[in-house]
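Shown here: upload-v2.json, JSON, C-alpha atoms and all ligand atoms.
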```json
[["chain", "number", "residue", "atom", "x", "y", "z"],
["A", 1, "MET", "CA", -60.33, -14.73, 1.88],
["A", 2, "ASP", "CA", -62.61, -16.19, -0.67],
["A", 3, "GLY", "CA", -62.18, -17.13, -4.31],
["A", 4, "ILE", "CA", -58.68, -18.22, -5.11],
["A", 5, "GLU", "CA", -57.41, -16.16, -8.03],
["A", 6, "SER", "CA", -61.02, -15.21, -8.68],
["A", 7, "SER", "CA", -60.18, -11.84, -10.15],
["A", 8, "ALA", "CA", -57.01, -12.88, -11.94],
["A", 9, "HIS", "CA", -56.63, -15.32, -14.78],
["A", 10, "PRO", "CA", -54.69, -18.30, -13.47],
["A", 11, "GLY", "CA", -54.10, -19.47, -17.07],
["A", 12, "PRO", "CA", -51.28, -17.17, -18.16],
["A", 13, "HIS", "CA", -49.53, -17.60, -14.82],
["A", 14, "ILE", "CA", -49.66, -21.35, -15.10],
["A", 15, "ASP", "CA", -48.50, -21.33, -18.71],
["A", 16, "MET", "CA", -45.48, -19.28, -17.70],
["A", 17, "ILE", "CA", -44.72, -21.48, -14.70],
["A", 18, "GLU", "CA", -44.99, -24.62, -16.83],
["A", 19, "GLN", "CA", -42.74, -23.05, -19.43],
["A", 20, "SER", "CA", -40.12, -22.16, -16.82],
["A", 21, "LEU", "CA", -40.24, -25.68, -15.37],
["A", 22, "SER", "CA", -39.90, -27.32, -18.75],
["A", 23, "GLU", "CA", -36.90, -25.10, -19.44],
["A", 24, "VAL", "CA", -35.51, -26.37, -16.14],
["A", 25, "ALA", "CA", -36.23, -29.98, -17.15],
["A", 26, "GLU", "CA", -34.14, -29.47, -20.30],
["A", 27, "ARG", "CA", -31.19, -28.64, -18.07],
["A", 28, "GLU", "CA", -31.69, -30.75, -14.91],
["A", 29, "GLU", "CA", -33.30, -34.15, -14.53],
["A", 30, "ASP", "CA", -34.59, -33.58, -11.05],
["A", 31, "ILE", "CA", -34.37, -30.44, -8.98],
["A", 32, "THR", "CA", -35.37, -32.13, -5.70],
["A", 33, "ALA", "CA", -31.87, -32.41, -4.21],
["A", 34, "GLN", "CA", -31.01, -28.85, -5.16],
["A", 35, "VAL", "CA", -34.25, -27.49, -3.70],
["A", 36, "TYR", "CA", -33.74, -29.22, -0.35],
["A", 37, "GLU", "CA", -30.12, -28.19, -0.20],
["A", 38, "SER", "CA", -31.06, -24.58, -0.73],
["A", 39, "TYR", "CA", -34.02, -24.88, 1.65],
["A", 40, "PHE", "CA", -32.05, -26.33, 4.52],
["A", 41, "ARG", "CA", -29.21, -23.85, 4.06],
["A", 42, "ARG", "CA", -31.63, -20.95, 4.25],
["A", 43, "CYS", "CA", -34.01, -22.35, 6.84],
["A", 44, "PRO", "CA", -32.11, -24.31, 9.53],
["A", 45, "GLY", "CA", -35.32, -24.85, 11.53],
["A", 46, "SER", "CA", -36.78, -26.80, 8.60],
["A", 47, "ALA", "CA", -33.58, -28.83, 8.27],
["A", 48, "GLU", "CA", -33.94, -29.79, 11.91],
["A", 49, "LEU", "CA", -37.61, -30.79, 11.47],
["A", 50, "MET", "CA", -36.87, -32.88, 8.41],
["A", 51, "VAL", "CA", -33.75, -34.56, 9.72],
["A", 52, "GLY", "CA", -35.47, -37.92, 10.09],
["A", 53, "THR", "CA", -37.11, -37.94, 6.63],
["A", 54, "ASP", "CA", -35.73, -40.06, 3.81],
["A", 55, "GLY", "CA", -35.32, -39.40, 0.12],
["A", 56, "LEU", "CA", -38.61, -41.06, -0.71],
["A", 57, "MET", "CA", -40.60, -38.83, 1.59],
["A", 58, "ARG", "CA", -38.76, -35.72, 0.48],
["A", 59, "GLY", "CA", -39.36, -36.63, -3.14],
["A", 60, "HIS", "CA", -43.04, -37.16, -2.50],
["A", 61, "MET", "CA", -43.36, -33.86, -0.66],
["A", 62, "MET", "CA", -41.59, -32.08, -3.53],
["A", 63, "GLN", "CA", -44.02, -33.64, -6.01],
["A", 64, "GLU", "CA", -46.99, -32.38, -4.01],
["A", 65, "VAL", "CA", -45.47, -28.92, -3.73],
["A", 66, "LEU", "CA", -45.17, -28.81, -7.52],
["A", 67, "VAL", "CA", -48.77, -30.00, -7.90],
["A", 68, "PHE", "CA", -49.92, -26.96, -5.92],
["A", 69, "ILE", "CA", -47.63, -24.60, -7.78],
["A", 70, "MET", "CA", -48.87, -25.83, -11.16],
["A", 71, "ALA", "CA", -52.54, -26.52, -10.36],
["A", 72, "GLU", "CA", -54.75, -25.13, -13.14],
["A", 73, "ASP", "CA", -57.47, -24.59, -10.59],
["A", 74, "LEU", "CA", -56.12, -24.09, -7.11],
["A", 75, "ARG", "CA", -59.67, -23.87, -5.81],
["A", 76, "SER", "CA", -60.22, -27.57, -6.46],
["A", 77, "GLN", "CA", -57.13, -28.32, -4.35],
["A", 78, "ARG", "CA", -58.17, -26.11, -1.46],
["A", 79, "ALA", "CA", -59.45, -28.87, 0.84],
["A", 80, "TYR", "CA", -56.29, -30.91, 0.33],
["A", 81, "LEU", "CA", -54.06, -27.89, 0.87],
["A", 82, "ARG", "CA", -55.89, -27.06, 4.10],
["A", 83, "PHE", "CA", -55.62, -30.65, 5.28],
["A", 84, "GLU", "CA", -51.85, -30.70, 4.63],
["A", 85, "THR", "CA", -51.40, -27.34, 6.33],
["A", 86, "LYS", "CA", -53.09, -28.57, 9.51],
["A", 87, "THR", "CA", -51.21, -31.88, 9.47],
["A", 88, "HIS", "CA", -47.94, -30.02, 9.03],
["A", 89, "GLN", "CA", -48.65, -27.76, 11.97],
["A", 90, "ASP", "CA", -48.78, -30.91, 14.09],
["A", 91, "TYR", "CA", -45.31, -31.88, 12.79],
["A", 92, "GLY", "CA", -44.05, -28.57, 14.21],
["A", 93, "VAL", "CA", -43.91, -26.69, 10.89],
["A", 94, "GLN", "CA", -44.16, -22.91, 11.27],
["A", 95, "LEU", "CA", -45.80, -20.52, 8.85],
["A", 96, "HIS", "CA", -42.59, -18.74, 7.79],
["A", 97, "MET", "CA", -41.15, -22.11, 6.70],
["A", 98, "TYR", "CA", -43.61, -22.21, 3.80],
["A", 99, "GLU", "CA", -42.35, -18.90, 2.51],
["A", 100, "ASN", "CA", -38.78, -20.15, 2.81],
["A", 101, "LEU", "CA", -39.64, -23.36, 0.97],
["A", 102, "LEU", "CA", -41.68, -21.84, -1.83],
["A", 103, "LEU", "CA", -39.85, -18.58, -2.46],
["A", 104, "LEU", "CA", -36.30, -19.09, -1.27],
["A", 105, "ALA", "CA", -35.92, -22.73, -2.20],
["A", 106, "VAL", "CA", -38.22, -23.71, -5.10],
["A", 107, "ARG", "CA", -38.49, -20.41, -6.98],
["A", 108, "ASP", "CA", -34.90, -19.39, -6.39],
["A", 109, "THR", "CA", -33.61, -22.79, -7.49],
["A", 110, "VAL", "CA", -35.57, -22.49, -10.75],
["A", 111, "LYS", "CA", -34.29, -18.93, -11.15],
["A", 112, "GLU", "CA", -30.72, -19.99, -10.52],
["A", 113, "ILE", "CA", -30.86, -22.89, -12.98],
["A", 114, "LEU", "CA", -32.35, -20.68, -15.70],
["A", 115, "GLY", "CA", -29.87, -17.87, -15.15],
["A", 116, "ALA", "CA", -30.20, -15.37, -17.99],
["A", 117, "HIS", "CA", -33.28, -17.25, -19.27],
["A", 118, "TRP", "CA", -35.27, -16.23, -16.20],
["A", 119, "SER", "CA", -37.58, -13.44, -17.39],
["A", 120, "GLU", "CA", -39.81, -10.69, -16.03],
["A", 121, "ASP", "CA", -42.83, -12.78, -17.12],
["A", 122, "TYR", "CA", -41.56, -15.72, -15.08],
["A", 123, "GLU", "CA", -40.96, -13.45, -12.11],
["A", 124, "LEU", "CA", -44.54, -12.14, -12.26],
["A", 125, "ALA", "CA", -46.09, -15.55, -12.79],
["A", 126, "TRP", "CA", -44.22, -17.16, -9.90],
["A", 127, "ARG", "CA", -44.89, -14.20, -7.65],
["A", 128, "GLY", "CA", -48.63, -14.28, -8.46],
["A", 129, "ARG", "CA", -49.03, -17.99, -7.88],
["A", 130, "LEU", "CA", -46.88, -18.16, -4.75],
["A", 131, "ASP", "CA", -48.63, -15.15, -3.21],
["A", 132, "THR", "CA", -51.96, -16.92, -3.70],
["A", 133, "LEU", "CA", -50.64, -20.19, -2.34],
["A", 134, "LEU", "CA", -49.06, -18.54, 0.71],
["A", 135, "GLN", "CA", -52.25, -16.60, 1.37],
["A", 136, "GLU", "CA", -54.23, -19.84, 1.29],
["A", 137, "ILE", "CA", -51.81, -21.50, 3.69],
["A", 138, "SER", "CA", -51.95, -18.52, 6.01],
["A", 139, "ASP", "CA", -55.78, -18.53, 5.91],
["A", 140, "ALA", "CA", -55.77, -22.23, 6.76],
["A", 141, "TRP", "CA", -53.38, -21.75, 9.67],
["A", 142, "PRO", "CA", -55.20, -22.65, 12.89],
["A", 143, "GLU", "CA", -55.11, -19.97, 15.59],
["A", 144, "ASP", "CA", -52.87, -20.74, 18.55],
["B", 201, "LIG", "C1", -47.14, -26.55, 0.16],
["B", 201, "LIG", "C2", -46.14, -27.01, 0.93],
["B", 201, "LIG", "C3", -45.99, -28.44, 1.36],
["B", 201, "LIG", "C4", -46.55, -29.59, 0.86],
["B", 201, "LIG", "C5", -47.52, -29.73, -0.30],
["B", 201, "LIG", "C6", -46.06, -30.69, 1.65],
["B", 201, "LIG", "C7", -46.39, -32.03, 1.45],
["B", 201, "LIG", "C8", -45.95, -33.08, 2.22],
["B", 201, "LIG", "C9", -46.31, -34.46, 2.03],
["B", 201, "LIG", "C10", -47.26, -34.99, 0.94],
["B", 201, "LIG", "C11", -45.68, -35.19, 2.99],
["B", 201, "LIG", "C12", -45.77, -36.70, 3.19],
["B", 201, "LIG", "C13", -44.72, -37.39, 2.35],
["B", 201, "LIG", "C14", -44.80, -38.92, 2.50],
["B", 201, "LIG", "O1", -45.31, -39.37, 3.51],
["B", 201, "LIG", "O2", -44.37, -39.60, 1.57],
["B", 201, "LIG", "C15", -44.91, -34.27, 3.79],
["B", 201, "LIG", "C16", -44.15, -34.64, 4.88],
["B", 201, "LIG", "C17", -43.45, -33.76, 5.67],
["B", 201, "LIG", "N1", -43.32, -32.40, 5.47],
["B", 201, "LIG", "FE1", -44.20, -31.32, 4.03],
["B", 201, "LIG", "N2", -45.19, -30.22, 2.61],
["B", 201, "LIG", "C18", -45.13, -28.85, 2.47],
["B", 201, "LIG", "C19", -44.39, -27.98, 3.23],
["B", 201, "LIG", "C20", -43.58, -28.31, 4.28],
["B", 201, "LIG", "C21", -42.79, -27.39, 5.05],
["B", 201, "LIG", "C22", -42.73, -25.87, 4.85],
["B", 201, "LIG", "C23", -42.13, -28.10, 5.99],
["B", 201, "LIG", "C24", -41.16, -27.52, 6.98],
["B", 201, "LIG", "C25", -40.11, -28.16, 7.43],
["B", 201, "LIG", "C26", -42.52, -29.51, 5.83],
["B", 201, "LIG", "C27", -42.13, -30.57, 6.62],
["B", 201, "LIG", "C28", -42.53, -31.89, 6.47],
["B", 201, "LIG", "C29", -42.14, -32.97, 7.38],
["B", 201, "LIG", "C30", -41.27, -32.84, 8.64],
["B", 201, "LIG", "C31", -42.70, -34.14, 6.88],
["B", 201, "LIG", "C32", -42.58, -35.56, 7.45],
["B", 201, "LIG", "C33", -43.65, -35.81, 8.47],
["B", 201, "LIG", "C34", -43.53, -37.22, 9.07],
["B", 201, "LIG", "O3", -42.58, -37.45, 9.81],
["B", 201, "LIG", "O4", -44.38, -38.04, 8.75],
["B", 201, "LIG", "N3", -43.39, -29.59, 4.77],
["B", 201, "LIG", "N4", -45.08, -33.01, 3.30]]
```
Full structure transcribed into structure tokens:
Amino acid sequence: MDGIESSAHPGPHIDMIEQSLSEVAEREEDITAQVYESYFRRCPGSAELMVGTDGLMRGHMMQEVLVFIMAEDLRSQRAYLRFETKTHQDYGVQLHMYENLLLLAVRDTVKEILGAHWSEDYELAWRGRLDTLLQEISDAWPED
């Protein structure tokens, strides 16, 4: 795959994602705990892998996840994303765990917090960005 979001405009997606996250921020100080709780409930394999990690590390990882989700230009983050993907494979992370983290934990937590304020525009924006991100991660995944 070449050209991240080359044919789509990342702008409107990012505006919508930022808007949804600032709506979340008005309601919750920090979604980190809620995201991990949802993640581990829905992905026991990830819970097992992360059992030895502390709050600091989890918080840092969450920050980096949000950086990728909100990056204006994902292309400029590609090398870093690929580096993290390879490093994570060495930790024992499996590809499906990214989908669980990004879709089932982060997006669904945002959706749950916003309740009736979650909109079709948010749905499309999150879906567009996460599809791109997951495609990038899958492209970076080293062959067994
Ligand atoms: C785009 C998605 C992800 C990003 C950007 C990301 C980022 C990071 C970062 C920056 C750290 C280091 C934190 C620190 O040292 O302070 C980290 C650690 C870690 N991440 Fe992720 N992560 C992602 C997805 C995942 C997934 C899906 C798993 C699955 C369980 C995972 C498992 C881990 C583990 C186990 C560690 C600790 C490794 C160690 O013991 O040093 N990560 N992650």
message: If the limit is 8 Å from any atom of ligand LIG 201 (chain B), counting all atoms listed in the file, which residues qualify? Return them as a PyMOL selection string.
response: chain A and resi 45-53+56-68+81+84-85+88+91-102+133+137
task: Go through A:Tyr122, A:Val110, A:Arg127, A:Glu136 one by one, measure the shortest atom-to-atom distance of each to Ile31 (chain A) using only C-alpha atoms, and give the residue with the smallest value.
output: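 So, comparing all the options, the nearest one is A:Val110.
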- request: To one decimal in Å, tell me the separation between CA of Arg82 (chain A) and CA of Ala140 (chain A).
  value: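 CA of Ala140 (chain A) lies 5.5 Å from CA of Arg82 (chain A).
Close contacts of Trp126 (chain A), defined as residues with an atom at most 10 Å away when counting all atoms listed in the file, with chain neighbours fewer than 6 positions off set aside, comprise A:His13, A:Ile14, A:Met16, A:Ile17, A:Ser20, A:Ile69, A:Met70, A:Leu102, A:Leu103, A:Arg107, A:Glu120, A:Thr132.
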Write out the residues from the selection above, keeping C-alpha atoms, as a PDB file, in the frame of the given file.
```
ATOM      1  CA  HIS A  13     -49.530 -17.600 -14.820  1.00  0.00           C
ATOM      2  CA  ILE A  14     -49.660 -21.350 -15.100  1.00  0.00           C
ATOM      3  CA  MET A  16     -45.480 -19.280 -17.700  1.00  0.00           C
ATOM      4  CA  ILE A  17     -44.720 -21.480 -14.700  1.00  0.00           C
ATOM      5  CA  SER A  20     -40.120 -22.160 -16.820  1.00  0.00           C
ATOM      6  CA  ILE A  69     -47.630 -24.600  -7.780  1.00  0.00           C
ATOM      7  CA  MET A  70     -48.870 -25.830 -11.160  1.00  0.00           C
ATOM      8  CA  LEU A 102     -41.680 -21.840  -1.830  1.00  0.00           C
ATOM      9  CA  LEU A 103     -39.850 -18.580  -2.460  1.00  0.00           C
ATOM     10  CA  ARG A 107     -38.490 -20.410  -6.980  1.00  0.00           C
ATOM     11  CA  GLU A 120     -39.810 -10.690 -16.030  1.00  0.00           C
ATOM     12  CA  THR A 132     -51.960 -16.920  -3.700  1.00  0.00           C
TER      13      THR A 132
END
```
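As for CA of Gly115 (chain A) and CA of Cys43 (chain A), they are spaced 22.8 Å apart.
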Residue among A:Leu130, A:Ala71, A:Ala125, A:Ala105 lying closest to Ala33 (chain A), counting all atoms listed in the file: A:Ala105
task: Could you jot down the CA of Glu123 (chain A) to CA of Val24 (chain A) separation for me, Å, one decimal place?
output: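 Straight-line distance from CA of Glu123 (chain A) to CA of Val24 (chain A) works out to 14.6 Å.
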- request: Quick one: everything within 12 Å of Ile113 (chain A), counting all atoms listed in the file, minus sequence neighbours fewer than 2 positions away in the same chain. Send it as number ranges by chain.
  value: A: 20-31, 34-35, 105-111, 115-118
message: Calculated over all atoms listed in the file, which of the candidates A:Asp139, A:Thr32, A:Asp121, A:Asp131 has the smallest distance to Asp15 (chain A)?
response: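 Among the listed residues, the smallest separation from Asp15 (chain A) belongs to A:Asp121.
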For C-alpha atoms, please extract region 23-55 of chain A from the block and return it as a tab-separated table (two decimals), in the first residue's frame.
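Generated output (result13.tsv):
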```tsv
chain	number	residue	atom	x	y	z
A	23	GLU	CA	-16.65	16.46	23.72
A	24	VAL	CA	-15.29	13.52	25.69
A	25	ALA	CA	-12.88	15.80	27.57
A	26	GLU	CA	-15.84	17.94	28.68
A	27	ARG	CA	-17.28	14.85	30.36
A	28	GLU	CA	-14.25	12.81	31.50
A	29	GLU	CA	-10.84	14.00	32.61
A	30	ASP	CA	-8.95	11.01	31.37
A	31	ILE	CA	-10.29	8.04	29.46
A	32	THR	CA	-7.18	5.89	29.96
A	33	ALA	CA	-8.54	3.69	32.76
A	34	GLN	CA	-11.83	3.17	30.97
A	35	VAL	CA	-10.10	2.27	27.69
A	36	TYR	CA	-7.87	-0.35	29.33
A	37	GLU	CA	-10.73	-1.78	31.30
A	38	SER	CA	-12.76	-2.23	28.15
A	39	TYR	CA	-9.72	-3.50	26.24
A	40	PHE	CA	-8.78	-6.16	28.75
A	41	ARG	CA	-12.37	-7.31	29.15
A	42	ARG	CA	-12.72	-7.78	25.41
A	43	CYS	CA	-9.22	-9.04	24.68
A	44	PRO	CA	-7.97	-11.34	27.46
A	45	GLY	CA	-4.78	-12.13	25.52
A	46	SER	CA	-3.82	-8.45	25.68
A	47	ALA	CA	-4.60	-8.33	29.40
A	48	GLU	CA	-2.21	-11.23	29.88
A	49	LEU	CA	0.54	-9.53	27.84
A	50	MET	CA	0.18	-6.27	29.72
A	51	VAL	CA	-0.09	-7.74	33.19
A	52	GLY	CA	3.36	-6.52	34.19
A	53	THR	CA	2.93	-2.94	32.91
A	54	ASP	CA	2.30	-0.06	35.29
A	55	GLY	CA	0.05	2.97	35.05
```
